[in-house]
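Everything below concerns the one structure shown next.
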Amino acid sequence: MTLQQVRSEMREVASSVYAWIQPDGGWCLNNAGLILDGECAVLVDTAATERRTRVLAEAVGALAPAGPDFLVNTHFHGDHTFGNSYFKPRATIIAHENCARDQIAAGPGLRGLWPDVEWGETPVLGPDVTYRGDEAAVHSGGRRIALLHPGTAHTTGDTVVWLPDEGVLFTGDVVWSGSTPFCLMGSVTGSLEAIGRLRALGAETVVPGHGPVGGAELLDETAAYLSWLLEVAESGLRAGRSALETARSTELGAWAAFLDAERIVGNLHRAYAELAGAVPGAPIDVATAFGEMTQFHGGLPVCRA
């Protein structure tokens, strides 16, 4: 696949605020964002492969020829961070301290899940600056840019980027659009609490980590899936079924149209752990869960990165 064949769109969602969208939003086809204010540019996330990051860099360069001054990573997963090095040395990379910790621990592990993907030259490059607690800020000209850690949700180190004056919220993978939410490395209950906090912001435009841009309905949709999932998990535990058995016996109903339905298995592993008393984000056997997701799917889930 050449650079010209990579499908993507740089869409202006507010004045000088852009969402970079990669259809169809499935595995490793993430979104990014670009915020401009005078001569300062802030990039939100990168992409999974060298090829896709080069397409992102071209789109960014058309709007900010010098490149981004700051790069915010919303979490540690490689589809959002493997392209970090292509925006150095200019960009200062910022993330929550838990994101940095988990990125170091994970290394290039995502590549091993899909060995046939052409990852290219994508060295693991962590943040230059980390913050702790639940809030930080990027000072970019006169624009207010808040970095919020909503708690353990998709991962233990999520950051959402909030532009209060424009009503634009970049959620990373705390919120999804048309794709099955995924909490294997975070928390189902924590995600629901995080979405409640995000809902209180009153965002008018929501840029999810994957899938089309929307409004507050994306928060409601993600929360509705996770609430349904908890009910499925509670029923499965009462019946003495494993996560995989419960997934196979569950009618997806309205969620069947979502991409990557096999994530229900990983989500159930996390929900089972929490219902058994595990704290949000506690380590669980990710490799086993992903293996069972593959069984549920009938083969390795499709990754078109």
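Starting from 1 in every chain, residues are counted up; chains themselves are A, B, ... following the order of the structure tokens, and ligands are numbered from 1 as listed.
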
Exercise. Any idea what's packed within 9 Å of Ile94 in chain A, counting only C-alpha atoms, ignoring anything in its chain fewer than 4 positions away? Could you give it as a list in words?
Worked result: Phe70, Leu71, Val72, Asn73, Thr74, Gly126, Pro127, Asp128, Val129, Thr130 and Tyr131 of chain A

Problem set entry | Selection: 9 Å around Ile264 in chain A, only C-alpha atoms, excl. self and same-chain fewer than 5 positions, as a PyMOL selection string | chain A and resi 180-182+229+243-244+247+269+293

With only C-alpha atoms as the counted atoms, please give the residues lying no more than 12 Å from Glu231 in chain A, apart from itself and same-chain residues fewer than 2 positions off, as a tab-separated table (two decimals) with N, CA, C and O atoms, in the first residue's frame.
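Ended up saving to result.tsv:
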chain	number	residue	atom	x	y	z
A	188	VAL	N	-13.85	-1.59	33.17
A	188	VAL	CA	-15.22	-1.38	32.69
A	188	VAL	C	-15.92	-0.37	33.59
A	188	VAL	O	-16.49	0.63	33.12
A	189	THR	N	-15.88	-0.60	34.89
A	189	THR	CA	-16.54	0.33	35.82
A	189	THR	C	-15.86	1.69	35.80
A	189	THR	O	-16.52	2.74	35.87
A	224	ALA	N	-23.59	2.94	27.17
A	224	ALA	CA	-24.67	1.95	27.06
A	224	ALA	C	-24.11	0.56	26.80
A	224	ALA	O	-24.56	-0.44	27.37
A	225	TYR	N	-23.10	0.46	25.92
A	225	TYR	CA	-22.47	-0.84	25.67
A	225	TYR	C	-21.85	-1.38	26.95
A	225	TYR	O	-22.02	-2.57	27.28
A	226	LEU	N	-21.12	-0.55	27.67
A	226	LEU	CA	-20.42	-1.03	28.86
A	226	LEU	C	-21.38	-1.42	29.96
A	226	LEU	O	-21.13	-2.39	30.71
A	227	SER	N	-22.49	-0.71	30.09
A	227	SER	CA	-23.51	-1.10	31.08
A	227	SER	C	-24.13	-2.44	30.71
A	227	SER	O	-24.34	-3.30	31.58
A	228	TRP	N	-24.41	-2.62	29.44
A	228	TRP	CA	-24.92	-3.91	28.95
A	228	TRP	C	-23.91	-5.02	29.22
A	228	TRP	O	-24.27	-6.11	29.69
A	229	LEU	N	-22.64	-4.73	28.99
A	229	LEU	CA	-21.59	-5.73	29.19
A	229	LEU	C	-21.54	-6.18	30.65
A	229	LEU	O	-21.39	-7.38	30.93
A	233	ALA	N	-21.84	-9.92	32.07
A	233	ALA	CA	-20.83	-10.53	32.93
A	233	ALA	C	-21.44	-11.07	34.21
A	233	ALA	O	-21.12	-12.19	34.66
A	234	GLU	N	-22.32	-10.31	34.83
A	234	GLU	CA	-22.97	-10.78	36.05
A	234	GLU	C	-23.78	-12.04	35.80
A	234	GLU	O	-23.75	-12.98	36.60
A	235	SER	N	-24.48	-12.09	34.68
A	235	SER	CA	-25.26	-13.28	34.33
A	235	SER	C	-24.35	-14.46	34.08
A	235	SER	O	-24.63	-15.59	34.52
A	236	GLY	N	-23.24	-14.24	33.38
A	236	GLY	CA	-22.31	-15.32	33.11
A	236	GLY	C	-21.69	-15.90	34.36
A	236	GLY	O	-21.52	-17.12	34.50
A	237	LEU	N	-21.33	-15.03	35.28
A	237	LEU	CA	-20.75	-15.50	36.55
A	237	LEU	C	-21.76	-16.31	37.35
A	237	LEU	O	-21.43	-17.37	37.91
A	238	ARG	N	-23.01	-15.84	37.38
A	238	ARG	CA	-24.04	-16.59	38.12
A	238	ARG	C	-24.24	-17.98	37.51
A	238	ARG	O	-24.51	-18.96	38.25
A	246	THR	N	-19.47	-17.32	27.97
A	246	THR	CA	-20.51	-16.30	28.07
A	246	THR	C	-20.63	-15.51	26.77
A	246	THR	O	-21.73	-15.24	26.29
A	250	THR	N	-24.05	-15.25	24.13
A	250	THR	CA	-24.70	-13.95	24.23
A	250	THR	C	-25.12	-13.44	22.86
A	250	THR	O	-24.33	-13.44	21.92
A	268	LEU	N	-15.12	-9.00	28.87
A	268	LEU	CA	-15.67	-9.88	29.90
A	268	LEU	C	-14.58	-10.35	30.86
A	268	LEU	O	-14.82	-10.48	32.08
A	271	ALA	N	-14.31	-7.46	33.16
A	271	ALA	CA	-15.50	-7.34	34.01
A	271	ALA	C	-15.53	-8.45	35.05
A	271	ALA	O	-15.85	-8.19	36.23
A	272	TYR	N	-15.19	-9.68	34.65
A	272	TYR	CA	-15.14	-10.79	35.61
A	272	TYR	C	-14.16	-10.47	36.74
A	272	TYR	O	-14.45	-10.72	37.93
A	275	LEU	N	-15.68	-7.83	39.03
A	275	LEU	CA	-16.77	-8.38	39.83
A	275	LEU	C	-16.25	-9.30	40.93
A	275	LEU	O	-16.92	-9.49	41.95

Seminar exercise, completed: Closest of A:Gly107, A:Gly120, A:Gly142, A:Gly202 to Ala216 in chain A, counting only C-alpha atoms, is A:Gly202

For this session: Go through range 48-287 of chain A and collect every residue that DSSP, computed from the backbone, puts in strand (DSSP E); the answer should be as number ranges by chain.
Result: A: 70-72, 92-96, 129-131, 135-140, 143-148, 160-163, 168-172, 205-208

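Relative to CA of Val265 in chain A, CA of Ala287 in chain A is found at 12.1 Å.
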
Exercise. To one decimal place, how far is CA of Ala19 in chain A from CA of Asp116 in chain A in Å?
Worked result: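 Value for the CA of Ala19 in chain A-CA of Asp116 in chain A distance: 28.3 Å.
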
Problem set entry | Polymer residues at most 9 Å from Asn98 in chain A, only C-alpha atoms, same-chain spacing of 6 or more positions, as a PyMOL selection string | chain A and resi 75-76+130-132+155-158

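Note that CA of Leu169 in chain A and CA of Gly38 in chain A are 20.4 Å apart.
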
For this session: Determine, counting only C-alpha atoms, which protein, DNA and RNA residues have an atom within 8 Å of an atom of Gly266 in chain A; residues of the same chain fewer than 3 positions away are not included. Present the result as JSON, numbers by chain.
Result: {"A": [182, 183, 184, 262, 263, 269, 270, 286, 289, 290, 292, 293]}
